[in-house]
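Structure record follows, encoded as structure tokens.
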2 protein chains.
Amino acid sequence: MNFNKLLDNCKIYEAGKPIELVVRDYGVDTKDIIKLASNENPYGTSPKVVEKIASLSKNMFMYPDDSMYELKEALANKFKVQSENIIIGAGSDQVIDFLIKAKCSENSKMLMSKTTFAMYEIYGRQVGAQIIRTEDDEHNLAQFEELYKKEGADIIFLCLPNNPLGECIDTQEVYSFLSKVDKDTLVIVDGAYQEYASFKDKNKTINPSELIEKFPNVVYLGTFSKAYALGGMRVGYGIGQTNIIKTMYKLRPPFNITTLSLAAAIEALKDEAFVNECIALNFEEMKRYEEYVKEKGFDYIDSYTNFITIKFDSDYLSSEVAQKLLERGIIIRDLTGYGLNAIRITIGSKEQNTKVFKVLDEVLEDLKKVENL
Amino acid sequence: MNFNKLLDNCKIYEAGKPIELVVRDYGVDTKDIIKLASNENPYGTSPKVVEKIASLSKNMFMYPDDSMYELKEALANKFKVQSENIIIGAGSDQVIDFLIKAKCSENSKMLMSKTTFAMYEIYGRQVGAQIIRTEDDEHNLAQFEELYKKEGADIIFLCLPNNPLGECIDTQEVYSFLSKVDKDTLVIVDGAYQEYASFKDKNKTINPSELIEKFPNVVYLGTFSKAYALGGMRVGYGIGQTNIIKTMYKLRPPFNITTLSLAAAIEALKDEAFVNECIALNFEEMKRYEEYVKEKGFDYIDSYTNFITIKFDSDYLSSEVAQKLLERGIIIRDLTGYGLNAIRITIGSKEQNTKVFKVLDEVLEDLKKVENL
């Protein structure tokens with residue numbers, strides 16, 4: 001059978017390996033597996049949200065309120081915007097998909113950092129968009145500006161802070177860049193990890209209300225998957241001017257999040273104390289990673305997220321380190337596919353991290369021995 | 001801002017009105033509202049599934065196993081196909097979206113019945129496909145054949161049984177039609193309500209394994225939203241030959257169903273007794289609707305689903321009946337938008353249906369009085 005020719009150039013997202021697979025493939029006991037590959041919140045979901053959803057599980061047979069009235073009101077209140085400025089997606093991924101399909105067609109141009117969230121390119125290729133990347137791995141706005149002047153772009157992606165590297169540009173620099181962008185170019189500010197960046201350094205804080213007022217061509221993306229600890233429930237959102245939001249509604253399938261996801265997101269917004277506690281713990285534990293990496297003589301990227309990117313020197317191959325860790329039940333992300341000799345580790349709980357350091361010590365020792373044979 | 005010009009012709013799906021809206025707009029007490037507008041299973045989700053999900057709600061922070069290994073194995077076992085023949089979607093809606101985007105581009109042709117599931121056209125317009133419809137509301141394979149010969153088609157949709165009308169074609173007639181379709185035309189057999197049709201009349205049973213073996217250009221769609229009582233959890237599936245399934249994987253976003261949806265679907269497949277019991281009750285209650293409609297002198301379409309379509313004569317306008325029911329807390333579907341003076345009612349529980357008959361009596365009486373003034 002013949003298919004749409006655009007699919008010939010499509011790529012498939014490689015998800016972090018699930019615990020179930022490590023159990024199947026390496027025979028490691030489920031309880032011994034530590035998964036720090038998908039930037040889930042290691043402290044689990046707020047107990048208040050867990051309890052609420054357990055009590056609502058009898059509602060699974062019913063479709064959700066597709067207007068998502070209550071959730072949009074709660075988000076509008078939190079961000080000081082109107083409900084009409086908000087669209088809910090099955091993860092912020094889905095809002096990215098809506099935006100690309102709303103703006104791009106074959107040969108549209110999308111500008112992004114060399115190393116950034118993989119789904120931008122994946123969705124872009126589905127509509128035949130051309131991908132333009134900066135030379136530097138980390139966001140470099142001078143390079144963005146230069147490429148934009150030279151090539152133009154239908155969409156520009158700014159991942160603030162950036163996944164999978166962790167760096168984050170100051171908001172004032174972002175604003176300065178945005179003021180030079182044409183009003184018909186759509187800019188997507190992906191704030192999936194903004195709660196972390198904002199906690200660590202107020203200069204990185206993006207205020208969505210101010211952002212879309214100053215720059216009506218910008219859409220802000222947020223998610224419940226990271227700090228709000230609902231990665232498995234697939235709820236994200238976009239905040240933008242109503243002309244863009246209304247256009248996206250033409251592409252939104254009905255009931256795009258589940259009944260329990262909707263209830264969980266509403267409940268999670270009521271327990272911000274839990275979120276803040278998790279973020280504080282995250283940065284305490286991150287210090288231990290920074291010290292560990294320094295002690296070993298490797299480099300790391302200063303991170304404004306709940307993960308850390310560790311760069312190896314030529315003594316080690318990140319793919320081998322990742323594989324050895326996997327065989328011992330520790331799942332992290334190898335960044336070889338991004339052209340980097342580096343791994344990305346989600347900052348786990350204190351106990352998990354202690355085990356990671358111990359096993360990583362063993363793995364590095366093992367790999368060194370092989371080298372020396 | 002300028003957007004993709006294809007969106008100018010897009011339509012938005014009109015979802016069944018949620019209970020929350022009727023509470024807000026008409027001040028009816030939540031407990032007094034009966035929602036029979038979205039063909040949800042009125043008996044709720046299997047208690048075993050409810051209990052399981054309540055116990056797993058602490059897992060919401062974790063992404064699901066994106067390989068969906070266990071669910072695909074369970075479905076493969078149920079339908080006697082291989083895991084590689086299966087793709088999971090966020091409802092079978094999403095599989096429809098994958099198939100249209102995999103096969104169609106601007107000016108592709110999609111052939112369907114005049115009155116059928118609205119999402120076929122909605123997704124089709126997003127890619128600029130041309131919609132070709134038969135003259136008859138209900139599926140008429142002679143008309144399909146004639147139009148196919150005259151116009152050709154990239155995709156043909158057969159909704160068996162058909163939503164929102166309820167009729168179903170015999171499988172042997174379907175096979176006879178499929179044998180005349182070119183192997184490069186993709187045929188989508190939407191079996192969202194197959195469990196009901198198969199229970200009522202074995203001549204309507206579609207065996208997906210036999211179907212895709214005989215006709216490698218056909219994809220079968222199933223869902224957990226109806227008989228399996230998981231409408232709010234958004235899980236459906238497609239069964240087809242591996243070349244088609246593999247192509248769809250290029251379009252599937254990672255983690256397209258939630259962690260709890262995945263677990264719920266796996267659990268629901270273990271309790272087929274519950275499903276069969278619900279279906280048996282459905283057809284017992286449907287008899288009461290058929291008798292009610294006959295008594296009133298209206299027509300109904302013989303239904304192989306969990307809903308019934310009632311056609312009014314010129315004495316009543318379906319839009320007025322629907323509105324009056326809504327104001328009294330009974331949510332059903334008006335089919336005026338499909339060009340029919342008819343309503344679609346989901347077959348509720350015994351208690352719900354008794355109340356529907358009582359309130360419908362009052363509404364019809366009221367409307368008659370107004371007429372006679």
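Going by the structure tokens order, chains are called A, B, ..., each with residues numbered from 1, while ligands are numbered from 1 in the order shown.
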Tell me, as a PyMOL selection string, which residues lie within 9 Å of Ile19 of chain B, counting only C-alpha atoms; anything in the same chain fewer than 6 positions away does not count. (chain A and resi 65) or (chain B and resi 30+33-35+329+331)
How close does chain A get to chain B? List, as JSON lines, each residue of chain A within 7 Å, its nearest atom pair and the distance in Å to one decimal, counting only C-alpha atoms.
{"residue": "A:Met1", "atom": "CA", "partner": "B:Asp184", "partner_atom": "CA", "distance": 5.0}
{"residue": "A:Asn2", "atom": "CA", "partner": "B:Asp184", "partner_atom": "CA", "distance": 6.5}
{"residue": "A:Phe3", "atom": "CA", "partner": "B:Lys103", "partner_atom": "CA", "distance": 4.8}
{"residue": "A:Asn4", "atom": "CA", "partner": "B:Lys103", "partner_atom": "CA", "distance": 5.1}
{"residue": "A:Cys10", "atom": "CA", "partner": "B:Lys250", "partner_atom": "CA", "distance": 6.2}
{"residue": "A:Lys11", "atom": "CA", "partner": "B:Lys250", "partner_atom": "CA", "distance": 6.5}
{"residue": "A:Ile12", "atom": "CA", "partner": "B:Lys250", "partner_atom": "CA", "distance": 5.7}
{"residue": "A:Tyr13", "atom": "CA", "partner": "B:Pro254", "partner_atom": "CA", "distance": 6.6}
{"residue": "A:Ala15", "atom": "CA", "partner": "B:Pro254", "partner_atom": "CA", "distance": 6.8}
{"residue": "A:Pro18", "atom": "CA", "partner": "B:Asp65", "partner_atom": "CA", "distance": 5.2}
{"residue": "A:Glu20", "atom": "CA", "partner": "B:Asp65", "partner_atom": "CA", "distance": 6.8}
{"residue": "A:Glu40", "atom": "CA", "partner": "B:Met62", "partner_atom": "CA", "distance": 6.1}
{"residue": "A:Asn41", "atom": "CA", "partner": "B:Phe61", "partner_atom": "CA", "distance": 6.4}
{"residue": "A:Gly44", "atom": "CA", "partner": "B:Phe61", "partner_atom": "CA", "distance": 5.5}
{"residue": "A:Thr45", "atom": "CA", "partner": "B:Phe61", "partner_atom": "CA", "distance": 5.4}
{"residue": "A:Val50", "atom": "CA", "partner": "B:Lys58", "partner_atom": "CA", "distance": 5.4}
{"residue": "A:Ile53", "atom": "CA", "partner": "B:Ser57", "partner_atom": "CA", "distance": 6.3}
{"residue": "A:Ala54", "atom": "CA", "partner": "B:Ala54", "partner_atom": "CA", "distance": 4.0}
{"residue": "A:Ser55", "atom": "CA", "partner": "B:Ala54", "partner_atom": "CA", "distance": 6.9}
{"residue": "A:Ser57", "atom": "CA", "partner": "B:Val50", "partner_atom": "CA", "distance": 5.5}
{"residue": "A:Lys58", "atom": "CA", "partner": "B:Val50", "partner_atom": "CA", "distance": 5.4}
{"residue": "A:Met60", "atom": "CA", "partner": "B:Gly232", "partner_atom": "CA", "distance": 5.0}
{"residue": "A:Phe61", "atom": "CA", "partner": "B:Leu230", "partner_atom": "CA", "distance": 4.3}
{"residue": "A:Met62", "atom": "CA", "partner": "B:Gly232", "partner_atom": "CA", "distance": 4.8}
{"residue": "A:Tyr63", "atom": "CA", "partner": "B:Gly232", "partner_atom": "CA", "distance": 4.0}
{"residue": "A:Pro64", "atom": "CA", "partner": "B:Gly232", "partner_atom": "CA", "distance": 5.9}
{"residue": "A:Asp65", "atom": "CA", "partner": "B:Pro18", "partner_atom": "CA", "distance": 5.3}
{"residue": "A:Ala102", "atom": "CA", "partner": "B:Asn4", "partner_atom": "CA", "distance": 5.5}
{"residue": "A:Lys103", "atom": "CA", "partner": "B:Phe3", "partner_atom": "CA", "distance": 4.7}
{"residue": "A:Cys104", "atom": "CA", "partner": "B:Asn4", "partner_atom": "CA", "distance": 6.0}
{"residue": "A:Ser105", "atom": "CA", "partner": "B:Asn4", "partner_atom": "CA", "distance": 6.6}
{"residue": "A:Asp184", "atom": "CA", "partner": "B:Met1", "partner_atom": "CA", "distance": 5.0}
{"residue": "A:Ala229", "atom": "CA", "partner": "B:Phe61", "partner_atom": "CA", "distance": 4.6}
{"residue": "A:Leu230", "atom": "CA", "partner": "B:Phe61", "partner_atom": "CA", "distance": 4.3}
{"residue": "A:Gly231", "atom": "CA", "partner": "B:Phe61", "partner_atom": "CA", "distance": 4.8}
{"residue": "A:Gly232", "atom": "CA", "partner": "B:Tyr63", "partner_atom": "CA", "distance": 4.0}
{"residue": "A:Met233", "atom": "CA", "partner": "B:Thr258", "partner_atom": "CA", "distance": 4.9}
{"residue": "A:Arg234", "atom": "CA", "partner": "B:Thr258", "partner_atom": "CA", "distance": 6.2}
{"residue": "A:Lys250", "atom": "CA", "partner": "B:Ile12", "partner_atom": "CA", "distance": 5.7}
{"residue": "A:Pro254", "atom": "CA", "partner": "B:Tyr13", "partner_atom": "CA", "distance": 6.6}
{"residue": "A:Thr258", "atom": "CA", "partner": "B:Met233", "partner_atom": "CA", "distance": 4.9}
{"residue": "A:Thr259", "atom": "CA", "partner": "B:Gly232", "partner_atom": "CA", "distance": 4.8}
Apply DSSP to the backbone of this structure and, from segment 25-142 of chain A, keep only the residues in helix (DSSP H, G or I); write these as a VMD selection string. chain A and resid 25 to 26 30 to 32 47 to 61 69 to 79 83 to 85 92 to 103 118 to 126 141 to 142
Save the residues we just selected, C-alpha atoms, as an mmCIF file, in the first residue's frame?
data_model
loop_
_atom_site.group_PDB
_atom_site.id
_atom_site.type_symbol
_atom_site.label_atom_id
_atom_site.label_comp_id
_atom_site.auth_asym_id
_atom_site.auth_seq_id
_atom_site.Cartn_x
_atom_site.Cartn_y
_atom_site.Cartn_z
ATOM 1 C CA ASP A 25 15.233 -8.208 29.385
ATOM 2 C CA TYR A 26 17.688 -8.312 32.301
ATOM 3 C CA THR A 30 11.054 -4.767 39.888
ATOM 4 C CA LYS A 31 11.737 -3.468 43.392
ATOM 5 C CA ASP A 32 15.485 -3.135 42.639
ATOM 6 C CA PRO A 47 -0.888 12.059 48.540
ATOM 7 C CA LYS A 48 -3.920 14.346 48.366
ATOM 8 C CA VAL A 49 -4.155 13.853 44.607
ATOM 9 C CA VAL A 50 -3.610 10.097 44.909
ATOM 10 C CA GLU A 51 -6.409 9.817 47.448
ATOM 11 C CA LYS A 52 -8.769 11.925 45.346
ATOM 12 C CA ILE A 53 -8.200 9.858 42.216
ATOM 13 C CA ALA A 54 -8.613 6.581 44.094
ATOM 14 C CA SER A 55 -12.014 7.844 45.227
ATOM 15 C CA LEU A 56 -12.978 8.854 41.667
ATOM 16 C CA SER A 57 -11.918 5.669 39.892
ATOM 17 C CA LYS A 58 -15.587 4.619 39.610
ATOM 18 C CA ASN A 59 -16.020 7.501 37.121
ATOM 19 C CA MET A 60 -13.860 5.878 34.447
ATOM 20 C CA PHE A 61 -16.861 4.927 32.305
ATOM 21 C CA TYR A 69 -14.140 24.489 32.528
ATOM 22 C CA GLU A 70 -12.837 23.956 36.053
ATOM 23 C CA LEU A 71 -9.239 23.205 35.066
ATOM 24 C CA LYS A 72 -9.036 26.182 32.730
ATOM 25 C CA GLU A 73 -10.519 28.458 35.404
ATOM 26 C CA ALA A 74 -7.927 27.233 37.915
ATOM 27 C CA LEU A 75 -5.052 27.786 35.484
ATOM 28 C CA ALA A 76 -6.418 31.186 34.429
ATOM 29 C CA ASN A 77 -6.523 32.173 38.070
ATOM 30 C CA LYS A 78 -2.995 30.927 38.734
ATOM 31 C CA PHE A 79 -1.491 32.690 35.723
ATOM 32 C CA SER A 83 -9.836 30.900 30.256
ATOM 33 C CA GLU A 84 -9.957 31.831 26.564
ATOM 34 C CA ASN A 85 -6.160 32.136 26.613
ATOM 35 C CA SER A 92 2.275 19.811 26.404
ATOM 36 C CA ASP A 93 3.500 17.553 23.554
ATOM 37 C CA GLN A 94 0.043 17.628 22.099
ATOM 38 C CA VAL A 95 -0.076 21.429 22.208
ATOM 39 C CA ILE A 96 3.216 21.433 20.263
ATOM 40 C CA ASP A 97 1.547 19.186 17.694
ATOM 41 C CA PHE A 98 -1.486 21.522 17.435
ATOM 42 C CA LEU A 99 0.769 24.564 16.985
ATOM 43 C CA ILE A 100 2.901 22.974 14.289
ATOM 44 C CA LYS A 101 -0.140 21.750 12.355
ATOM 45 C CA ALA A 102 -1.828 25.148 12.775
ATOM 46 C CA LYS A 103 1.134 27.092 11.437
ATOM 47 C CA ALA A 118 13.036 15.738 20.264
ATOM 48 C CA MET A 119 9.300 16.087 19.676
ATOM 49 C CA TYR A 120 9.682 19.476 17.940
ATOM 50 C CA GLU A 121 11.428 17.847 15.021
ATOM 51 C CA ILE A 122 9.284 14.701 15.098
ATOM 52 C CA TYR A 123 6.007 16.609 14.789
ATOM 53 C CA GLY A 124 7.572 19.026 12.306
ATOM 54 C CA ARG A 125 8.607 16.244 9.953
ATOM 55 C CA GLN A 126 5.065 14.871 9.963
ATOM 56 C CA LEU A 141 20.295 33.542 21.022
ATOM 57 C CA ALA A 142 22.916 35.267 18.861
#
What's around Asn353 of chain A at 10 Å? Count only C-alpha atoms, leave out sequence neighbours fewer than 3 positions away in its own chain, and write the answer as an NGL selection string. :A and (34 or 36 or 285-286 or 288-289 or 345-350 or 356-359)
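Atom CA of Asn162 of chain B lies 21.6 Å from atom CA of Ala129 of chain B.
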Write out as a list in words each polymer residue whose atoms come within 12 Å of Ala153 of chain B, counting only C-alpha atoms; drop sequence neighbours fewer than 4 positions from it.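 The filter keeps Lys103, Cys104, Asn107, Ser108, Lys109, Met110, Leu111, Met112, Ala129, Gln130, Ile131, Ile132, Arg133, Phe144, Glu145, Glu146, Leu147, Tyr148, Lys149, Phe157, Val181, Asp182, Lys183, Asp184, Thr185, Leu186 and Val187 of chain B.
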File dump, residues just selected, N, CA and C atoms, as a PDB file, in the first residue's frame:
ATOM      1  N   LYS B 103      -2.414   8.037   5.147  1.00  0.00           N
ATOM      2  CA  LYS B 103      -2.835   7.728   3.780  1.00  0.00           C
ATOM      3  C   LYS B 103      -3.151   8.962   2.940  1.00  0.00           C
ATOM      4  N   CYS B 104      -3.663  10.009   3.582  1.00  0.00           N
ATOM      5  CA  CYS B 104      -4.206  11.129   2.802  1.00  0.00           C
ATOM      6  C   CYS B 104      -3.338  12.377   2.827  1.00  0.00           C
ATOM      7  N   ASN B 107      -6.594  16.987  -1.123  1.00  0.00           N
ATOM      8  CA  ASN B 107      -7.381  16.460  -2.238  1.00  0.00           C
ATOM      9  C   ASN B 107      -7.486  14.941  -2.322  1.00  0.00           C
ATOM     10  N   SER B 108      -6.980  14.240  -1.313  1.00  0.00           N
ATOM     11  CA  SER B 108      -7.269  12.805  -1.234  1.00  0.00           C
ATOM     12  C   SER B 108      -8.773  12.649  -1.057  1.00  0.00           C
ATOM     13  N   LYS B 109      -9.268  11.469  -1.391  1.00  0.00           N
ATOM     14  CA  LYS B 109     -10.722  11.257  -1.308  1.00  0.00           C
ATOM     15  C   LYS B 109     -11.082  10.246  -0.209  1.00  0.00           C
ATOM     16  N   MET B 110     -12.090  10.605   0.565  1.00  0.00           N
ATOM     17  CA  MET B 110     -12.566   9.698   1.611  1.00  0.00           C
ATOM     18  C   MET B 110     -14.055   9.433   1.384  1.00  0.00           C
ATOM     19  N   LEU B 111     -14.402   8.153   1.278  1.00  0.00           N
ATOM     20  CA  LEU B 111     -15.788   7.764   0.996  1.00  0.00           C
ATOM     21  C   LEU B 111     -16.448   7.224   2.257  1.00  0.00           C
ATOM     22  N   MET B 112     -17.646   7.729   2.569  1.00  0.00           N
ATOM     23  CA  MET B 112     -18.350   7.287   3.778  1.00  0.00           C
ATOM     24  C   MET B 112     -19.862   7.429   3.611  1.00  0.00           C
ATOM     25  N   ALA B 129      -8.570  16.599   2.877  1.00  0.00           N
ATOM     26  CA  ALA B 129      -9.180  15.529   2.081  1.00  0.00           C
ATOM     27  C   ALA B 129     -10.584  15.937   1.632  1.00  0.00           C
ATOM     28  N   GLN B 130     -10.979  15.357   0.518  1.00  0.00           N
ATOM     29  CA  GLN B 130     -12.303  15.601  -0.048  1.00  0.00           C
ATOM     30  C   GLN B 130     -13.242  14.528   0.504  1.00  0.00           C
ATOM     31  N   ILE B 131     -14.422  14.937   0.962  1.00  0.00           N
ATOM     32  CA  ILE B 131     -15.342  13.989   1.591  1.00  0.00           C
ATOM     33  C   ILE B 131     -16.434  13.606   0.594  1.00  0.00           C
ATOM     34  N   ILE B 132     -16.576  12.319   0.348  1.00  0.00           N
ATOM     35  CA  ILE B 132     -17.621  11.838  -0.560  1.00  0.00           C
ATOM     36  C   ILE B 132     -18.600  11.008   0.266  1.00  0.00           C
ATOM     37  N   ARG B 133     -19.894  11.332   0.171  1.00  0.00           N
ATOM     38  CA  ARG B 133     -20.896  10.636   0.984  1.00  0.00           C
ATOM     39  C   ARG B 133     -21.965   9.994   0.116  1.00  0.00           C
ATOM     40  N   PHE B 144     -22.147   2.800  -2.099  1.00  0.00           N
ATOM     41  CA  PHE B 144     -20.698   2.862  -1.891  1.00  0.00           C
ATOM     42  C   PHE B 144     -19.975   2.396  -3.166  1.00  0.00           C
ATOM     43  N   GLU B 145     -20.445   1.267  -3.697  1.00  0.00           N
ATOM     44  CA  GLU B 145     -19.791   0.665  -4.860  1.00  0.00           C
ATOM     45  C   GLU B 145     -19.852   1.596  -6.072  1.00  0.00           C
ATOM     46  N   GLU B 146     -21.029   2.153  -6.271  1.00  0.00           N
ATOM     47  CA  GLU B 146     -21.229   3.045  -7.410  1.00  0.00           C
ATOM     48  C   GLU B 146     -20.307   4.274  -7.308  1.00  0.00           C
ATOM     49  N   LEU B 147     -20.300   4.888  -6.132  1.00  0.00           N
ATOM     50  CA  LEU B 147     -19.461   6.077  -5.928  1.00  0.00           C
ATOM     51  C   LEU B 147     -17.980   5.735  -6.044  1.00  0.00           C
ATOM     52  N   TYR B 148     -17.611   4.567  -5.525  1.00  0.00           N
ATOM     53  CA  TYR B 148     -16.210   4.150  -5.581  1.00  0.00           C
ATOM     54  C   TYR B 148     -15.765   3.953  -7.027  1.00  0.00           C
ATOM     55  N   LYS B 149     -16.633   3.344  -7.826  1.00  0.00           N
ATOM     56  CA  LYS B 149     -16.317   3.145  -9.246  1.00  0.00           C
ATOM     57  C   LYS B 149     -16.168   4.479  -9.975  1.00  0.00           C
ATOM     58  N   PHE B 157     -14.683   4.364   4.701  1.00  0.00           N
ATOM     59  CA  PHE B 157     -15.075   4.096   6.089  1.00  0.00           C
ATOM     60  C   PHE B 157     -16.339   3.255   6.135  1.00  0.00           C
ATOM     61  N   VAL B 181     -12.799  -3.947  -3.850  1.00  0.00           N
ATOM     62  CA  VAL B 181     -12.035  -2.728  -3.579  1.00  0.00           C
ATOM     63  C   VAL B 181     -10.559  -2.949  -3.917  1.00  0.00           C
ATOM     64  N   ASP B 182      -9.970  -1.965  -4.556  1.00  0.00           N
ATOM     65  CA  ASP B 182      -8.567  -2.026  -4.949  1.00  0.00           C
ATOM     66  C   ASP B 182      -7.654  -2.152  -3.728  1.00  0.00           C
ATOM     67  N   LYS B 183      -6.560  -2.882  -3.861  1.00  0.00           N
ATOM     68  CA  LYS B 183      -5.676  -3.152  -2.726  1.00  0.00           C
ATOM     69  C   LYS B 183      -4.919  -1.912  -2.244  1.00  0.00           C
ATOM     70  N   ASP B 184      -4.926  -0.857  -3.042  1.00  0.00           N
ATOM     71  CA  ASP B 184      -4.277   0.370  -2.570  1.00  0.00           C
ATOM     72  C   ASP B 184      -5.267   1.333  -1.900  1.00  0.00           C
ATOM     73  N   THR B 185      -6.519   0.959  -1.840  1.00  0.00           N
ATOM     74  CA  THR B 185      -7.505   1.760  -1.095  1.00  0.00           C
ATOM     75  C   THR B 185      -7.554   1.224   0.332  1.00  0.00           C
ATOM     76  N   LEU B 186      -7.377   2.112   1.283  1.00  0.00           N
ATOM     77  CA  LEU B 186      -7.441   1.706   2.691  1.00  0.00           C
ATOM     78  C   LEU B 186      -8.903   1.681   3.126  1.00  0.00           C
ATOM     79  N   VAL B 187      -9.327   0.555   3.700  1.00  0.00           N
ATOM     80  CA  VAL B 187     -10.695   0.486   4.221  1.00  0.00           C
ATOM     81  C   VAL B 187     -10.634   0.412   5.747  1.00  0.00           C
TER      82      VAL B 187
END
Please report, as a list in words, each residue of segment 9-176 of chain B to which DSSP assigns strand (DSSP E) when run on this structure's backbone.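 Checking each residue of segment 9-176 of chain B, the strand (DSSP E) ones are Ile34, Lys35, Ile86, Ile87, Ile88, Gly89, Lys109, Met110, Leu111, Met112, Gln130, Ile131, Ile132, Arg133, Ile155, Ile156, Phe157, Leu158 and Cys159 of chain B.
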I'd like the interatomic distance between atom CA of Pro208 of chain B and atom CA of Ala273 of chain B, to a tenth of an Å.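 Going from atom CA of Pro208 of chain B over to atom CA of Ala273 of chain B, I get 21.0 Å.
Checking A:Ile308, A:Val363, A:Tyr237, A:Lys368 one by one against Glu327 of chain A, counting only C-alpha atoms, you find the shortest gap at A:Val363.
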